[in-house]
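The block underneath contains the structure these notes are about, expressed in structure tokens.
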Amino acid sequence: MQVKHRENVYSSICPGCGLACGLYIREMVSGTGKTSLAVDFRKSSPVNAGKLCRFGLKLPLYYAEPQVSMVGSQESGFEAAVSASTEALKNVSAESLAFFSAGNTTNEEHKAFSALATAFGAGVETGVGVYSSLPVSTHAVFGQSISLEEIENVKQVFLFVDPYSQYPLLLRRVLRAKEKGAKVVCIGPRDLPVADEQFCLKPEEYGKILSPSRDSVLIADIHPYSGPAHVRAVLDLAQASGAKPFFLRPFTNSAGAELLSAHTKQRTLEKLLEDINSRKIKTLFCLESDLLELAPDREAAVKTLSKLDTLIVQTSRQGGLSGLADIVIASEPFYRKQGTVLNAEGRLLPAGGNSTLGFDSLSSLAAAFGKQLDLGSVRKELFEGFGVKKADEFSFRTPSEFCSGSAEPAEVETPCFKCGSDQEACSESLSESSPEEAFTEGFSASLIYSLSPFMWHGLEDCSGFVELNLHMVRKLGLVKGGTVKIRAQGKMVEVKFRISNIEDGYMLSSRKFPFEVFPGAEVKLSVK
Amino acid sequence: MSELKAAADIKVGDRLLGWAASEDMRSRGASGGLVTAVLAAALETGLVDRVLILKKVSEFEAYPVFTSDVQEVLESAGSMHSVPVNLARCLKPETCAGKIALPAKPCDARAVVERAKRNALSPEGTYVIGLNCGGTMHPEKVRKMLETVYRLGPEEIAGEEIVKGKLVFFTKDGKEHAVPIDDLEAEELGRRDSCRCCQVKIPTNADLACGNWGVPGDLAGRGTFVEVMTEKGVNLLKNAVNSGFVELMQADERGISAREKVNKVMLGMSEKRKAEVFVPIEDGGERFEYFRKELENCIHCGACKEVCPVCTCGEDSKCTFYSSPADSYKISLFHLVRFLHLSDSCIGCGQCEDVCPAEIPLTRLYQRFAVPVQKEYRYLPGISDRTPPFFALKPEDNEEKEGGGCSCR
């Protein structure tokens with residue numbers, strides 16, 4: 001009998017967001033060596049009990065296009081790419097060099113990457129510039145997590161995120177809390193079915209309108225687009241009320257990466273791109289993070305990144321960024337990595353694999369610049385730093401000096417958001433106009449991206465539409481099955497729409513538009 | 001004790017007691033290791049090419065794999081009530097080359113039958129060794145039970161078994177910890193909701209129906225009651241006896257009636273639970289509101305379709321073709337299409353509910369649609385190879401046919 005394929009099953013976690021849901025990746029290798037993947041449910045996982053969101057189920061697509069090592073535009077071996085990177089780094093000035101990793105890989109790789117950056121007197125940037133605009137004394141709060149199970153037992157849940165689209169595996173915990181009698185207060189433009197109360201508030205209104213108690217949890221998130229006013233307002237509300245803040249993150253190891261990069265001055269994504277554009281940064285090394293997927297306007301980011309003298313990318317997935325890179329070091333897919341991630345709860349989880357290819361590349365690069373490190377000692381240091389004995393789904397990090405107030409103060413830098421408003425902020429941008437005016441002039445709305453895992457990871461989803469409320473649809477004279485025109489910065493896109501229960505003056509989108517604006521910016525709407 | 005049964009004498013309809021001949025297999029497997037020994041013998045002798053098993057990671061975790069390695073089969077032995085996986089989902093045209101054997105709870109066996117009707121597998125090449133099942137438990141609930149009721153840590157557990165209505169955990173220190181399942185279920189712990197409503201406890205739709213119900217006291221824990229349901233079942237047992245893996249003897253009348261009695265009690269409990277859960281909603285408006293409310297948290301992940309063991313549609317499916325996230329309907333078209341599509345095939349296995357990230361009680365919703373249809377057509381899916389009613393020409397054609405197995409009308 002001819003067995004058609006052989007299978008390798010990895011007990012892994014989802015790279016889709018900072019919750020790090022447990023799952024199985026089933027790798028099927030055909031007789032010809034062709035590999036295909038399937039996802040299976042790991043019901044014993046304490047994070048998600050085997051449940052997965054749409055992104056988790058589409059992981060075979062996420063892993064579909066593995067990267068090959070490249071030097072110049074030529075395919076090369078792994079070793080050749082590492083050597084070429086060493087040579088390239090020898091010839092750059094430390095001041096014009098930046099290291100970027102958003103938190104989409106293991107702690108071990110991030111640590112090795114940091115060691116390499118340290119050799120140049122730099123740190124690893126995560127793109128979460130908001131940290132640098134908040135007082136150092138507040139940083140420790142981001143490292144204090146609570147378990148998802150604890151959320152089920154609070155008296156009030158204040159949701160500053162949309163669990164339905166952004167962090168779907170949070171939803172069941174909130175529903176369970178509600179079932180046990182908790183009140184659920186949602187803050188944002190979309191009316192959520194889980195909400196007992198719904199508010200659309202500006203950050204400065206949080207303290208005036210919301211009244212959490214000590215047995216409440218404030219669930220927000222922190223990411224490359226986070227605005228300081230919103231984050232600060234959530235922190236202030238937590239401090240004033242004694243409620244527990246719980247910050248979610250968009251990448252599987254965002255929490256670990258942030259702790260490991262706690263001493264690094266963080267630029268916002270926009271500042272990073274601006275510094276590349278102005279040639280302040282001439283060489284960029286990106287680890288498992290595609291800046292094109294993260295940038296608000298891909299087209300503009302391509303132009304900016306092409307100004308770099310050298311772009312080095314270490315990645316397991318093919319993407320637009322590796323297409324622009326001078327050197328690509330191809331690493332193993334996430335599920336094959338040996339290493340750990342720290343999820344939003346503070347669980348130190350094994351990634352599930354046994355390959356150290358990505359780590360080996362970074363450690364040999366670090367060694368070339370005088371920083372020797374081996375996996376065993378890196379792990380030991382990590383475990384000690386995180387206050388855990390081993391990577392285990394059931395043990396939690398003990399917050400310690402990794403991100404305590406003893407950290408060197410990060411330089412405070414004001415992010416330069418063009419729109420000047422936070423993603424979560426509510427603006428009065430809807431101009432009153434008659435339907436006739438709408439046809440000719442259109443009116444403004446705040447564009448809010450849903451910031452789902454699909455958006456962060458640049459993966460296609462069935463989201464070719466925007467969401468408007470019925471009032472706005474009527475005002476614009478839109479008809480069922482029709483499209484709406486969206487204009488900003490002299491560009492125009494035309495998309496389908498759906499009617500949702502959202503606040504007036506807002507337009508929600510699950511996919512990015514080619515505007516060089518950050519979420520929350522105003523766009524002009526009109527009908528064809 | 002009666003004499004050992006000769007292989008040549010085994011026939012369809014036999015009710016036997018059996019055990020693994022090897023001490024090693026007896027100690028590894030539950031109830032004398034008969035099922036493990038039958039699977040191992042089938043592989044060893046080439047009766048089948050591969051076996052589909054649950055590869056054990058811990059007492060609470062296992063994943064399905066195909067194997068042709070007898071050692072892997074031996075390592076998979078034992079009860080796994082805390083791993084509620086439906087193996088039939090793995091049986092696909094692309095994975096089912098050659099002859100395959102699998103152990104199957106009643107819901108696995110029912111899904112195998114339904115998949116065979118939809119050409120997802122070859123019924124001739126699939127040997128189904130049925131296992132009696134009183135129910136399985138979600139590992140998340142098991143951990144909670146251990147913590148709050150048994151006061152045990154998961155790491156202390158060496159094994160578990162359901163014995164005489166009690167859930168027994170064996171700890172590594174050699175002790176037994178038993179709590180009546182009724183008490184656990186009163187606390188919303190214990191078995192999965194779908195198992196509490198299950199209509200088939202003895203998989204007589206498999207090739208063999210095996211379990212510990214009806215095993216006399218002197219063989220308790222050391223023997224398996226097995227009923228031979230098909231010629232394939234005869235071949236499996238003959239092969240296991242001839243190759244020296246299994247010993248069998250005739251079951252006595254006391255054992256046969258004890259097994260029936262347990263089955264009747266279990267089915268009675270299910271009927272009671274169903275009456276509690278499926279209270280009819282007569283008013284159309286209320287019924288709509290019930291479904292709308294239950295489905296309002298759906299995030300359209302598609303996990304329920306992905307995990308469904310009777311859905312063989314793959315990418316080409318009506319539920320996804322005729323619904324879109326861009327829809328603004330009050331109720332999900334995806335689910336409405338699925339309700340209709342599965343109304344003649346939903347076996348109520350609960351896999352959809354297990355994996356739903358919004359914790360929607362999907363099995364109840366699907367069963368609310370399916371059960372009236374299945375009653376109307378006197379058709380219980382997964383029991384026989386009878387054509388599903390929607391494929392029949394007229395409803396009355398079904399009236400005449402045997403094998404529906406549903407006596408609810």
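Each chain of the structure tokens is named A, B, ... in the order shown, its residues numbered from 1; ligands are numbered from 1 in display order.
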Which residues of chain A have any atom within 7 Å of an atom in chain B when counting only C-alpha atoms, and what is the closest pair of atoms for each, with the distance in Å to one decimal? Order the rows by chain and rising number and write it as CSV.
```
residue,atom,partner,partner_atom,distance
A:Met1,CA,B:Gly98,CA,6.2
A:Val3,CA,B:Ala97,CA,6.7
A:Lys43,CA,B:Pro139,CA,6.5
A:Ser44,CA,B:Pro139,CA,5.4
A:Ala49,CA,B:Glu140,CA,6.2
A:Gly50,CA,B:Val355,CA,6.1
A:Lys51,CA,B:Val355,CA,4.4
A:Leu52,CA,B:Pro357,CA,6.1
A:Cys53,CA,B:Cys301,CA,5.2
A:Arg54,CA,B:Cys301,CA,4.0
A:Tyr164,CA,B:Ile299,CA,5.9
A:Leu169,CA,B:Pro357,CA,6.0
A:Leu171,CA,B:Ala358,CA,6.2
A:Arg172,CA,B:Ala358,CA,5.3
A:Pro193,CA,B:Asn297,CA,6.6
A:Phe465,CA,B:Ala326,CA,6.6
A:Arg498,CA,B:Ala326,CA,5.5
A:Ile499,CA,B:Ser328,CA,5.9
A:Ser500,CA,B:Ser328,CA,6.9
```
Applying 9 Å and only C-alpha atoms, which residues near Ala120 of chain B remain after dropping the ones on its own chain fewer than 3 positions away? List them as a compact mmCIF listing (two decimals) with C-alpha atoms, in the first residue's frame.
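And here is the file that came out, part_31.txt:
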```txt
# COMPACT_ATOMS: atom_id res chain seq x y z
CA LEU B 91 -11.37 10.26 6.91
CA LYS B 92 -11.10 12.08 3.60
CA PRO B 93 -10.47 10.80 0.10
CA CYS B 96 -7.95 7.23 3.13
CA VAL B 112 -18.27 7.46 9.39
CA GLU B 114 -22.69 9.67 6.96
CA ARG B 115 -19.33 10.37 5.35
CA ALA B 116 -19.52 7.11 3.46
CA LYS B 117 -22.92 8.17 2.05
CA THR B 312 -17.97 16.87 3.47
```
- Message: Please extract the residues of segment 152-274 of chain A with a backbone DSSP assignment of helix (DSSP H, G or I) and present them as a PyMOL selection string.
- Response: chain A and resi 168-179+203-209+228-241+254-260+269-274
Per-residue nearest contacts segment 58-104 of chain B to segment 200-207 of chain B, cut-off 12 Å, using only C-alpha atoms, as a Markdown table:
```
| residue | atom | partner | partner_atom | distance |
| --- | --- | --- | --- | --- |
| B:Ala101 | CA | B:Asp207 | CA | 10.2 |
| B:Leu102 | CA | B:Ala206 | CA | 10.2 |
| B:Pro103 | CA | B:Ala206 | CA | 9.5 |
| B:Ala104 | CA | B:Ala206 | CA | 7.9 |
```
What does the file look like for those residues with N, CA and C atoms, as an mmCIF file, in the first residue's frame?
```cif
data_model
loop_
_atom_site.group_PDB
_atom_site.id
_atom_site.type_symbol
_atom_site.label_atom_id
_atom_site.label_comp_id
_atom_site.auth_asym_id
_atom_site.auth_seq_id
_atom_site.Cartn_x
_atom_site.Cartn_y
_atom_site.Cartn_z
ATOM 1 N N ALA B 101 -8.472 1.008 9.830
ATOM 2 C CA ALA B 101 -9.312 0.652 10.989
ATOM 3 C C ALA B 101 -9.260 1.804 11.975
ATOM 4 N N LEU B 102 -10.332 1.975 12.712
ATOM 5 C CA LEU B 102 -10.323 3.015 13.742
ATOM 6 C C LEU B 102 -11.221 2.609 14.904
ATOM 7 N N PRO B 103 -10.853 3.022 16.107
ATOM 8 C CA PRO B 103 -11.773 2.867 17.228
ATOM 9 C C PRO B 103 -12.785 4.011 17.148
ATOM 10 N N ALA B 104 -14.021 3.737 17.495
ATOM 11 C CA ALA B 104 -15.037 4.772 17.253
ATOM 12 C C ALA B 104 -16.096 4.776 18.340
#
```
Enumerate, as a PyMOL selection string, the complete set of residues in segment 120-308 of chain A that a backbone-based DSSP assignment places in strand (DSSP E or B).
chain A and resi 124-125+156-159+183-187+190+197-199+216-221+244-248+283-287
Could you dump the residues just selected with C-alpha atoms as a PDB file, in the first residue's frame?
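Below you can see out02.pdb, which holds the result:
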```
ATOM      1  CA  VAL A 124      15.393  46.778  19.019  1.00  0.00           C
ATOM      2  CA  GLU A 125      12.445  48.944  18.112  1.00  0.00           C
ATOM      3  CA  GLN A 156     -17.460  45.034  35.636  1.00  0.00           C
ATOM      4  CA  VAL A 157     -15.678  44.760  32.318  1.00  0.00           C
ATOM      5  CA  PHE A 158     -14.731  47.945  30.484  1.00  0.00           C
ATOM      6  CA  LEU A 159     -13.886  47.087  26.903  1.00  0.00           C
ATOM      7  CA  LYS A 183     -21.723  44.486  33.756  1.00  0.00           C
ATOM      8  CA  VAL A 184     -20.059  44.979  30.388  1.00  0.00           C
ATOM      9  CA  VAL A 185     -19.324  48.547  29.353  1.00  0.00           C
ATOM     10  CA  CYS A 186     -18.012  49.039  25.827  1.00  0.00           C
ATOM     11  CA  ILE A 187     -16.197  52.112  24.661  1.00  0.00           C
ATOM     12  CA  ARG A 190     -19.458  50.099  17.252  1.00  0.00           C
ATOM     13  CA  GLU A 197     -23.717  49.996  28.185  1.00  0.00           C
ATOM     14  CA  GLN A 198     -22.076  51.503  25.144  1.00  0.00           C
ATOM     15  CA  PHE A 199     -20.221  54.822  24.929  1.00  0.00           C
ATOM     16  CA  SER A 216     -13.409  45.938  37.472  1.00  0.00           C
ATOM     17  CA  VAL A 217     -11.077  45.248  34.622  1.00  0.00           C
ATOM     18  CA  LEU A 218     -10.222  47.779  31.934  1.00  0.00           C
ATOM     19  CA  ILE A 219      -9.353  45.938  28.735  1.00  0.00           C
ATOM     20  CA  ALA A 220      -7.500  48.015  26.168  1.00  0.00           C
ATOM     21  CA  ASP A 221      -4.699  47.353  23.748  1.00  0.00           C
ATOM     22  CA  LYS A 244      -7.111  46.367  36.910  1.00  0.00           C
ATOM     23  CA  PRO A 245      -5.844  47.389  33.486  1.00  0.00           C
ATOM     24  CA  PHE A 246      -5.295  44.594  30.979  1.00  0.00           C
ATOM     25  CA  PHE A 247      -3.455  45.545  27.822  1.00  0.00           C
ATOM     26  CA  LEU A 248      -3.707  43.262  24.838  1.00  0.00           C
ATOM     27  CA  THR A 283      20.342  50.729   7.092  1.00  0.00           C
ATOM     28  CA  LEU A 284      17.440  48.790   8.514  1.00  0.00           C
ATOM     29  CA  PHE A 285      17.368  45.234   9.835  1.00  0.00           C
ATOM     30  CA  CYS A 286      13.868  43.792  10.251  1.00  0.00           C
ATOM     31  CA  LEU A 287      13.247  40.570  12.145  1.00  0.00           C
TER      32      LEU A 287
END
```
(request) Please provide as a PyMOL selection string all residues within 10 Å of Phe497 of chain A, with the sequence filter that same-chain residues fewer than 3 positions apart are discarded (counting only C-alpha atoms). (result) (chain A and resi 463-469+473+478-485+494+500+507-509) or (chain B and resi 326-328)
Separation of atom CA of Leu97 of chain A from atom CA of Ser361 of chain A in Å:
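One can read the atom CA of Ser361 of chain A to atom CA of Leu97 of chain A distance as 18.6 Å.
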For Val35 of chain B, list every protein, DNA or RNA residue within 8 Å, evaluated using only C-alpha atoms, and leave out those in the same chain fewer than 3 positions away; present the list as a compact mmCIF listing (two decimals) with C-alpha atoms, in the first residue's frame.
```txt
# COMPACT_ATOMS: atom_id res chain seq x y z
CA GLY B 29 -5.67 -1.01 27.36
CA VAL B 38 -7.83 -6.18 17.59
CA LEU B 39 -6.32 -3.01 16.07
CA PRO B 103 -11.77 2.87 17.23
CA ILE B 129 -14.41 -0.85 16.04
CA CYS B 210 -17.27 -3.13 22.31
```
Quick check, in Å to one decimal: how far apart do atom CA of Leu59 of chain A and atom CA of Val39 of chain A lie?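 Interatomic distance, atom CA of Leu59 of chain A to atom CA of Val39 of chain A: 7.0 Å.
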Exercise for review: For atom CA of Ile25 of chain A and atom CA of Ser355 of chain A, determine how far apart the two atoms are, in Å to one decimal place.
Suggested key: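 Spanning atom CA of Ile25 of chain A to atom CA of Ser355 of chain A is a straight-line distance of 14.9 Å.
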Spatial neighbours of Ser93 of chain A, max dist 9 Å, only C-alpha atoms, sep filter under 2 positions, as a PyMOL selection string
chain A and resi 89-91+95-97+120+282-283
Could those residues be written to a file, using C-alpha atoms, as a compact mmCIF listing (two decimals), in the first residue's frame?
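result_15.txt written:
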```
# COMPACT_ATOMS: atom_id res chain seq x y z
CA LEU A 89 26.72 45.53 8.82
CA LYS A 90 30.51 45.98 9.01
CA ASN A 91 30.25 48.83 6.56
CA GLU A 95 24.08 56.14 13.99
CA SER A 96 22.28 55.39 10.75
CA LEU A 97 21.36 51.81 11.65
CA PHE A 120 26.02 48.85 17.59
CA LYS A 282 20.22 54.38 6.10
CA THR A 283 20.34 50.73 7.09
```
